[in-house]
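Notes follow once the structure below has been shown.
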Amino acid sequence: MSGHSTSRLRVNGDVPLGLAGKLGYLAGNALRNLAFDRPGTLVVERFAPTDPGVAAGTPSPSRALCEAHLATVGLAEFARAAGGVRMHEMGCGSGRAGRLAAAAARTAIRYRGFDVAARDSWSTPPQGAAFATFDGADFAATIAPDDNFFFSQSAAEHIPADLDYFAAVARACAAASGPTLQIHYLPSAACLRLYLFHGYRQYPAGVLARLARLQPAGARVAAVALGGPAAVALHWRWITWPALRGRPDRRDVDPAGYRAAFRAAAERDAARGRGAPAFWAFVVRAGF
């Protein structure tokens, strides 16, 4: 595999693995997560949603927490400071994050999303949005000179050369003539046992500290812990454990019960204020 990665382990959990591959993936990532669990001087913040409820649907705990965080990260203020939001998303899927960002910014935004395969929804993009497939060969080539908001949601762990992606974004922000913002939602070490064979890696705090060192001089960098032990336990009980036993996802069986359990878990984690996160938001602000 070419390119630069934040991990020496190159086992891809997204493809079928034999017994040796599975053992190597689990053991290798567990040891790496343990070895890089310290953030060093990187600022670690905690996020607790003011309203921890899920209004509709049954998103995973990490997805619900990421979307709650995005709504409160200050995109409206960034839009005013930067003269508009010009969003670049890697691993965009349907482009849902673009719609959420526009709602949080309370204004229309320019949005460009990239992914390895096209989606049916791309054929009718919202106004100001564009989509393109991307093979991961040259991340810098996807970046327009005036892009100012770089975003990824549960995508970096699937990119073989993830360090190339983060470095390309950091260089673009360093060269920008105005304010820039990065938000990358990344699986924590706890996600190894929750998602098992998923992507190439997780992102313990020490790896986030390495990403922080790539950023432009003067940028404000923070690792934001989303959720904690209660959210991790909720995911295990409702999603992971039933799947391992060949049972239906408990969210499908009892959606109202799941939403109540999510609220209770979010409130417990907020009250506790400590413990290993369920997920990370890696946030970089420059020029504002």
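By convention in this document, the chains of the structure tokens carry letters A, B, ... by their order, each chain's residues are numbered from 1, and ligands are numbered from 1 in the order they are shown.
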If you count only C-alpha atoms, which residues fall within 7 Å of Gly199 (chain A), apart from same-chain ones fewer than 5 positions away, as a short mmCIF file (atom, residue, chain, number, x, y, z; two decimals) with all heavy atoms, in the first residue's frame?
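And here's around.cif as it stands now:
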data_model
loop_
_atom_site.label_atom_id
_atom_site.label_comp_id
_atom_site.auth_asym_id
_atom_site.auth_seq_id
_atom_site.Cartn_x
_atom_site.Cartn_y
_atom_site.Cartn_z
N ASN A 12 -6.76 -4.33 6.54
CA ASN A 12 -8.01 -3.62 6.24
C ASN A 12 -9.19 -4.41 6.78
O ASN A 12 -9.54 -5.48 6.29
CB ASN A 12 -8.14 -3.43 4.73
CG ASN A 12 -9.36 -2.62 4.35
OD1 ASN A 12 -10.11 -2.16 5.21
ND2 ASN A 12 -9.57 -2.44 3.06
N GLY A 13 -9.85 -3.87 7.80
CA GLY A 13 -10.99 -4.54 8.39
C GLY A 13 -12.25 -4.48 7.55
O GLY A 13 -13.26 -5.10 7.90
N ASP A 14 -12.21 -3.76 6.43
CA ASP A 14 -13.39 -3.63 5.58
C ASP A 14 -13.52 -4.78 4.57
O ASP A 14 -14.51 -4.84 3.84
CB ASP A 14 -13.35 -2.30 4.81
CG ASP A 14 -13.45 -1.11 5.74
OD1 ASP A 14 -14.09 -1.23 6.80
OD2 ASP A 14 -12.88 -0.04 5.41
N GLU A 157 -10.62 6.54 8.98
CA GLU A 157 -10.18 5.18 9.30
C GLU A 157 -10.24 4.25 8.10
O GLU A 157 -9.63 3.19 8.09
CB GLU A 157 -11.01 4.61 10.46
CG GLU A 157 -12.47 4.34 10.15
CD GLU A 157 -13.38 5.51 10.48
OE1 GLU A 157 -12.88 6.67 10.43
OE2 GLU A 157 -14.56 5.28 10.80
N HIS A 158 -10.98 4.65 7.06
CA HIS A 158 -11.08 3.84 5.85
C HIS A 158 -10.08 4.24 4.77
O HIS A 158 -10.02 3.61 3.72
CB HIS A 158 -12.49 3.94 5.26
CG HIS A 158 -13.56 3.50 6.21
ND1 HIS A 158 -13.80 2.18 6.51
CD2 HIS A 158 -14.46 4.22 6.94
CE1 HIS A 158 -14.80 2.09 7.38
NE2 HIS A 158 -15.20 3.32 7.67
#
**Message:** Please return, as a PyMOL selection string, all residues of region 70-174 of chain A that DSSP assigns to strand (DSSP E) on the basis of the backbone.
**Reply:** chain A and resi 86-90+110-115+129-133+149-153
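For Val169 (chain A), the set of protein, DNA and RNA residues having any atom at most 10 Å away, when counting only C-alpha atoms and skipping those fewer than 2 positions along the same chain, is His88, Phe139, Ala140, Ile143, Asp147, Asn148, Phe149, Phe150, Phe151, Leu163, Asp164, Tyr165, Phe166, Ala167, Arg171, Ala172, Cys173, Ala174, Ala175, Gln182, Leu214 and Gln215 of chain A.
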Atoms to include: N, CA, C and O atoms. Write the selected residues as an mmCIF file, in the first residue's frame.
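See out_5.cif below for the written result:
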data_model
loop_
_atom_site.group_PDB
_atom_site.id
_atom_site.type_symbol
_atom_site.label_atom_id
_atom_site.label_comp_id
_atom_site.auth_asym_id
_atom_site.auth_seq_id
_atom_site.Cartn_x
_atom_site.Cartn_y
_atom_site.Cartn_z
ATOM 1 N N HIS A 88 -15.425 21.336 2.114
ATOM 2 C CA HIS A 88 -14.803 20.208 1.414
ATOM 3 C C HIS A 88 -14.949 18.998 2.323
ATOM 4 O O HIS A 88 -14.439 18.993 3.447
ATOM 5 N N PHE A 139 -4.796 13.799 -2.693
ATOM 6 C CA PHE A 139 -5.782 14.557 -1.918
ATOM 7 C C PHE A 139 -5.720 16.038 -2.242
ATOM 8 O O PHE A 139 -6.758 16.709 -2.308
ATOM 9 N N ALA A 140 -4.521 16.578 -2.451
ATOM 10 C CA ALA A 140 -4.385 18.004 -2.719
ATOM 11 C C ALA A 140 -5.134 18.413 -3.979
ATOM 12 O O ALA A 140 -5.641 19.540 -4.065
ATOM 13 N N ILE A 143 -8.690 19.801 -3.572
ATOM 14 C CA ILE A 143 -8.893 21.008 -2.778
ATOM 15 C C ILE A 143 -8.847 22.244 -3.673
ATOM 16 O O ILE A 143 -7.876 22.462 -4.399
ATOM 17 N N ASP A 147 -11.414 26.806 -0.685
ATOM 18 C CA ASP A 147 -12.055 25.946 0.322
ATOM 19 C C ASP A 147 -11.607 26.407 1.708
ATOM 20 O O ASP A 147 -10.423 26.663 1.935
ATOM 21 N N ASN A 148 -12.558 26.505 2.635
ATOM 22 C CA ASN A 148 -12.170 26.975 3.967
ATOM 23 C C ASN A 148 -12.711 26.128 5.111
ATOM 24 O O ASN A 148 -12.351 26.369 6.274
ATOM 25 N N PHE A 149 -13.551 25.154 4.831
ATOM 26 C CA PHE A 149 -14.074 24.269 5.872
ATOM 27 C C PHE A 149 -13.851 22.833 5.429
ATOM 28 O O PHE A 149 -14.472 22.357 4.470
ATOM 29 N N PHE A 150 -12.943 22.154 6.109
ATOM 30 C CA PHE A 150 -12.572 20.787 5.761
ATOM 31 C C PHE A 150 -13.185 19.832 6.784
ATOM 32 O O PHE A 150 -12.979 19.985 7.985
ATOM 33 N N PHE A 151 -13.897 18.837 6.277
ATOM 34 C CA PHE A 151 -14.732 18.007 7.139
ATOM 35 C C PHE A 151 -14.605 16.544 6.742
ATOM 36 O O PHE A 151 -14.527 16.201 5.563
ATOM 37 N N LEU A 163 -2.585 9.784 6.627
ATOM 38 C CA LEU A 163 -1.683 10.883 6.946
ATOM 39 C C LEU A 163 -1.517 11.820 5.751
ATOM 40 O O LEU A 163 -1.383 13.038 5.914
ATOM 41 N N ASP A 164 -1.542 11.277 4.546
ATOM 42 C CA ASP A 164 -1.487 12.119 3.349
ATOM 43 C C ASP A 164 -2.690 13.053 3.288
ATOM 44 O O ASP A 164 -2.570 14.224 2.896
ATOM 45 N N TYR A 165 -3.864 12.542 3.666
ATOM 46 C CA TYR A 165 -5.069 13.377 3.662
ATOM 47 C C TYR A 165 -4.935 14.517 4.662
ATOM 48 O O TYR A 165 -5.130 15.691 4.318
ATOM 49 N N PHE A 166 -4.589 14.198 5.908
ATOM 50 C CA PHE A 166 -4.496 15.242 6.929
ATOM 51 C C PHE A 166 -3.410 16.259 6.591
ATOM 52 O O PHE A 166 -3.572 17.463 6.848
ATOM 53 N N ALA A 167 -2.305 15.793 6.017
ATOM 54 C CA ALA A 167 -1.216 16.710 5.655
ATOM 55 C C ALA A 167 -1.637 17.640 4.523
ATOM 56 O O ALA A 167 -1.306 18.838 4.536
ATOM 57 N N ARG A 171 -1.763 21.718 4.843
ATOM 58 C CA ARG A 171 -1.036 22.615 3.925
ATOM 59 C C ARG A 171 -1.990 23.621 3.286
ATOM 60 O O ARG A 171 -1.645 24.806 3.126
ATOM 61 N N ALA A 172 -3.178 23.174 2.912
ATOM 62 C CA ALA A 172 -4.153 24.084 2.312
ATOM 63 C C ALA A 172 -4.558 25.169 3.301
ATOM 64 O O ALA A 172 -4.703 26.347 2.926
ATOM 65 N N CYS A 173 -4.728 24.798 4.562
ATOM 66 C CA CYS A 173 -5.095 25.787 5.568
ATOM 67 C C CYS A 173 -3.955 26.777 5.818
ATOM 68 O O CYS A 173 -4.186 27.970 6.013
ATOM 69 N N ALA A 174 -2.722 26.287 5.794
ATOM 70 C CA ALA A 174 -1.572 27.171 5.984
ATOM 71 C C ALA A 174 -1.449 28.185 4.851
ATOM 72 O O ALA A 174 -0.995 29.317 5.058
ATOM 73 N N ALA A 175 -1.861 27.790 3.643
ATOM 74 C CA ALA A 175 -1.746 28.671 2.479
ATOM 75 C C ALA A 175 -2.961 29.560 2.281
ATOM 76 O O ALA A 175 -2.937 30.456 1.423
ATOM 77 N N GLN A 182 -11.325 23.110 10.451
ATOM 78 C CA GLN A 182 -11.339 21.671 10.205
ATOM 79 C C GLN A 182 -12.134 20.989 11.310
ATOM 80 O O GLN A 182 -11.950 21.301 12.485
ATOM 81 N N LEU A 214 0.920 18.751 12.622
ATOM 82 C CA LEU A 214 0.898 19.094 11.206
ATOM 83 C C LEU A 214 0.313 20.479 10.942
ATOM 84 O O LEU A 214 0.504 21.030 9.856
ATOM 85 N N GLN A 215 -0.404 21.038 11.905
ATOM 86 C CA GLN A 215 -1.256 22.182 11.652
ATOM 87 C C GLN A 215 -0.480 23.489 11.549
ATOM 88 O O GLN A 215 0.634 23.601 12.053
#
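Using only C-alpha atoms, the contacts of region 33-41 of chain A at a cut-off of 10 Å, with sequence neighbours closer than 4 positions omitted, comprise Ala27, Gly28, Asn29, Ser188, Ala189, Ala190, Leu192, Arg201, Gln202, Tyr203, Pro204, Ala205, Gly206, Val207, Leu208, Ala209, Arg210, Ala212, Ala223 and Ala276 of chain A.
Counting only C-alpha atoms, the residue from A:Ala225, A:Ala231, A:Ala271, A:Leu19 that sits nearest to His69 (chain A) is A:Ala225.
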**Residue neighbourhood His235 (chain A), 8 Å, only C-alpha atoms, exclusion window fewer than 6 positions, as a ChimeraX atom specification** = /A:60-61,194
Each residue of region 33-94 of chain A with at least one atom at most 12 Å from region 121-124 of chain A should appear once, together with its nearest atom pair and the corresponding distance in Å (one decimal); atoms considered: only C-alpha atoms; ordering: chain, then increasing residue number; output as a Markdown table.
| residue | atom | partner | partner_atom | distance |
| --- | --- | --- | --- | --- |
| A:Cys92 | CA | A:Trp122 | CA | 10.5 |
| A:Gly93 | CA | A:Ser121 | CA | 9.1 |
| A:Ser94 | CA | A:Ser121 | CA | 6.1 |
**Asked** Within 12 Å of Thr58 (chain A), counting only C-alpha atoms, which residues qualify if same-chain residues fewer than 6 places away don't, as number ranges by chain?
**Response** A: 64, 235, 238-239, 249-263
**All alpha helix (DSSP H) residues (DSSP, backbone) inside region 2-58 of chain A, as a PyMOL selection string** = chain A and resi 19-35
Give me a file of those residues, with N, CA, C and O atoms, as a PDB file, in the first residue's frame.
ATOM      1  N   LEU A  19      -8.683 -16.133   9.860  1.00  0.00           N
ATOM      2  CA  LEU A  19      -8.450 -16.119  11.292  1.00  0.00           C
ATOM      3  C   LEU A  19      -7.185 -15.347  11.646  1.00  0.00           C
ATOM      4  O   LEU A  19      -7.178 -14.540  12.579  1.00  0.00           O
ATOM      5  N   ALA A  20      -6.102 -15.580  10.903  1.00  0.00           N
ATOM      6  CA  ALA A  20      -4.852 -14.879  11.199  1.00  0.00           C
ATOM      7  C   ALA A  20      -5.012 -13.374  11.010  1.00  0.00           C
ATOM      8  O   ALA A  20      -4.503 -12.581  11.815  1.00  0.00           O
ATOM      9  N   GLY A  21      -5.723 -12.990   9.948  1.00  0.00           N
ATOM     10  CA  GLY A  21      -5.946 -11.574   9.704  1.00  0.00           C
ATOM     11  C   GLY A  21      -6.775 -10.936  10.801  1.00  0.00           C
ATOM     12  O   GLY A  21      -6.496  -9.810  11.241  1.00  0.00           O
ATOM     13  N   LYS A  22      -7.798 -11.635  11.271  1.00  0.00           N
ATOM     14  CA  LYS A  22      -8.643 -11.099  12.338  1.00  0.00           C
ATOM     15  C   LYS A  22      -7.855 -10.938  13.633  1.00  0.00           C
ATOM     16  O   LYS A  22      -7.959  -9.914  14.315  1.00  0.00           O
ATOM     17  N   LEU A  23      -7.081 -11.955  13.965  1.00  0.00           N
ATOM     18  CA  LEU A  23      -6.286 -11.867  15.183  1.00  0.00           C
ATOM     19  C   LEU A  23      -5.252 -10.741  15.081  1.00  0.00           C
ATOM     20  O   LEU A  23      -5.018 -10.010  16.040  1.00  0.00           O
ATOM     21  N   GLY A  24      -4.635 -10.630  13.905  1.00  0.00           N
ATOM     22  CA  GLY A  24      -3.657  -9.562  13.709  1.00  0.00           C
ATOM     23  C   GLY A  24      -4.291  -8.189  13.810  1.00  0.00           C
ATOM     24  O   GLY A  24      -3.707  -7.260  14.388  1.00  0.00           O
ATOM     25  N   TYR A  25      -5.482  -8.042  13.243  1.00  0.00           N
ATOM     26  CA  TYR A  25      -6.179  -6.756  13.289  1.00  0.00           C
ATOM     27  C   TYR A  25      -6.502  -6.376  14.727  1.00  0.00           C
ATOM     28  O   TYR A  25      -6.205  -5.257  15.167  1.00  0.00           O
ATOM     29  N   LEU A  26      -7.105  -7.295  15.470  1.00  0.00           N
ATOM     30  CA  LEU A  26      -7.508  -6.995  16.842  1.00  0.00           C
ATOM     31  C   LEU A  26      -6.300  -6.752  17.749  1.00  0.00           C
ATOM     32  O   LEU A  26      -6.253  -5.766  18.489  1.00  0.00           O
ATOM     33  N   ALA A  27      -5.312  -7.648  17.687  1.00  0.00           N
ATOM     34  CA  ALA A  27      -4.153  -7.513  18.558  1.00  0.00           C
ATOM     35  C   ALA A  27      -3.316  -6.295  18.181  1.00  0.00           C
ATOM     36  O   ALA A  27      -2.865  -5.537  19.057  1.00  0.00           O
ATOM     37  N   GLY A  28      -3.109  -6.100  16.886  1.00  0.00           N
ATOM     38  CA  GLY A  28      -2.289  -4.978  16.437  1.00  0.00           C
ATOM     39  C   GLY A  28      -2.889  -3.641  16.822  1.00  0.00           C
ATOM     40  O   GLY A  28      -2.194  -2.745  17.324  1.00  0.00           O
ATOM     41  N   ASN A  29      -4.194  -3.489  16.598  1.00  0.00           N
ATOM     42  CA  ASN A  29      -4.830  -2.220  16.945  1.00  0.00           C
ATOM     43  C   ASN A  29      -4.930  -2.031  18.453  1.00  0.00           C
ATOM     44  O   ASN A  29      -4.793  -0.907  18.949  1.00  0.00           O
ATOM     45  N   ALA A  30      -5.166  -3.116  19.193  1.00  0.00           N
ATOM     46  CA  ALA A  30      -5.231  -2.992  20.649  1.00  0.00           C
ATOM     47  C   ALA A  30      -3.892  -2.508  21.211  1.00  0.00           C
ATOM     48  O   ALA A  30      -3.848  -1.616  22.080  1.00  0.00           O
ATOM     49  N   LEU A  31      -2.783  -3.075  20.728  1.00  0.00           N
ATOM     50  CA  LEU A  31      -1.465  -2.660  21.202  1.00  0.00           C
ATOM     51  C   LEU A  31      -1.153  -1.228  20.794  1.00  0.00           C
ATOM     52  O   LEU A  31      -0.603  -0.450  21.577  1.00  0.00           O
ATOM     53  N   ARG A  32      -1.509  -0.874  19.562  1.00  0.00           N
ATOM     54  CA  ARG A  32      -1.266   0.497  19.090  1.00  0.00           C
ATOM     55  C   ARG A  32      -2.079   1.489  19.917  1.00  0.00           C
ATOM     56  O   ARG A  32      -1.563   2.545  20.311  1.00  0.00           O
ATOM     57  N   ASN A  33      -3.336   1.188  20.183  1.00  0.00           N
ATOM     58  CA  ASN A  33      -4.172   2.098  20.957  1.00  0.00           C
ATOM     59  C   ASN A  33      -3.623   2.292  22.361  1.00  0.00           C
ATOM     60  O   ASN A  33      -3.671   3.400  22.918  1.00  0.00           O
ATOM     61  N   LEU A  34      -3.095   1.215  22.938  1.00  0.00           N
ATOM     62  CA  LEU A  34      -2.509   1.307  24.277  1.00  0.00           C
ATOM     63  C   LEU A  34      -1.224   2.133  24.259  1.00  0.00           C
ATOM     64  O   LEU A  34      -0.981   2.955  25.150  1.00  0.00           O
ATOM     65  N   ALA A  35      -0.414   1.934  23.228  1.00  0.00           N
ATOM     66  CA  ALA A  35       0.877   2.623  23.152  1.00  0.00           C
ATOM     67  C   ALA A  35       0.728   4.128  22.928  1.00  0.00           C
ATOM     68  O   ALA A  35       1.591   4.907  23.338  1.00  0.00           O
TER      69      ALA A  35
END
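With CA of Val15 (chain A) on one side and CA of Tyr200 (chain A) on the other, the separation reads 10.2 Å.
Here CA of Phe134 (chain A) is placed at a distance of 9.0 Å from CA of Met90 (chain A).
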**Request:** Mind checking which residues fall within 12 Å of Glu67 (chain A), counting only C-alpha atoms, ignoring those fewer than 2 positions away in the same chain, and posting them as a count of residues only?
**Result:** 33
**Message:** I'd like to know which of A:Arg80, A:Ala130, A:His4, A:Ala68 is closest to Ala168 (chain A), using only C-alpha atoms.
**Reply:** A:His4
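Here CA of Val283 (chain A) stands at a distance of 5.4 Å from CA of Ala222 (chain A).
Minimum atom-to-atom distances from A:Arg268, A:Gly246, A:Phe114, A:Ala156 to His198 (chain A) were compared using only C-alpha atoms, and the lowest value belongs to A:Ala156.
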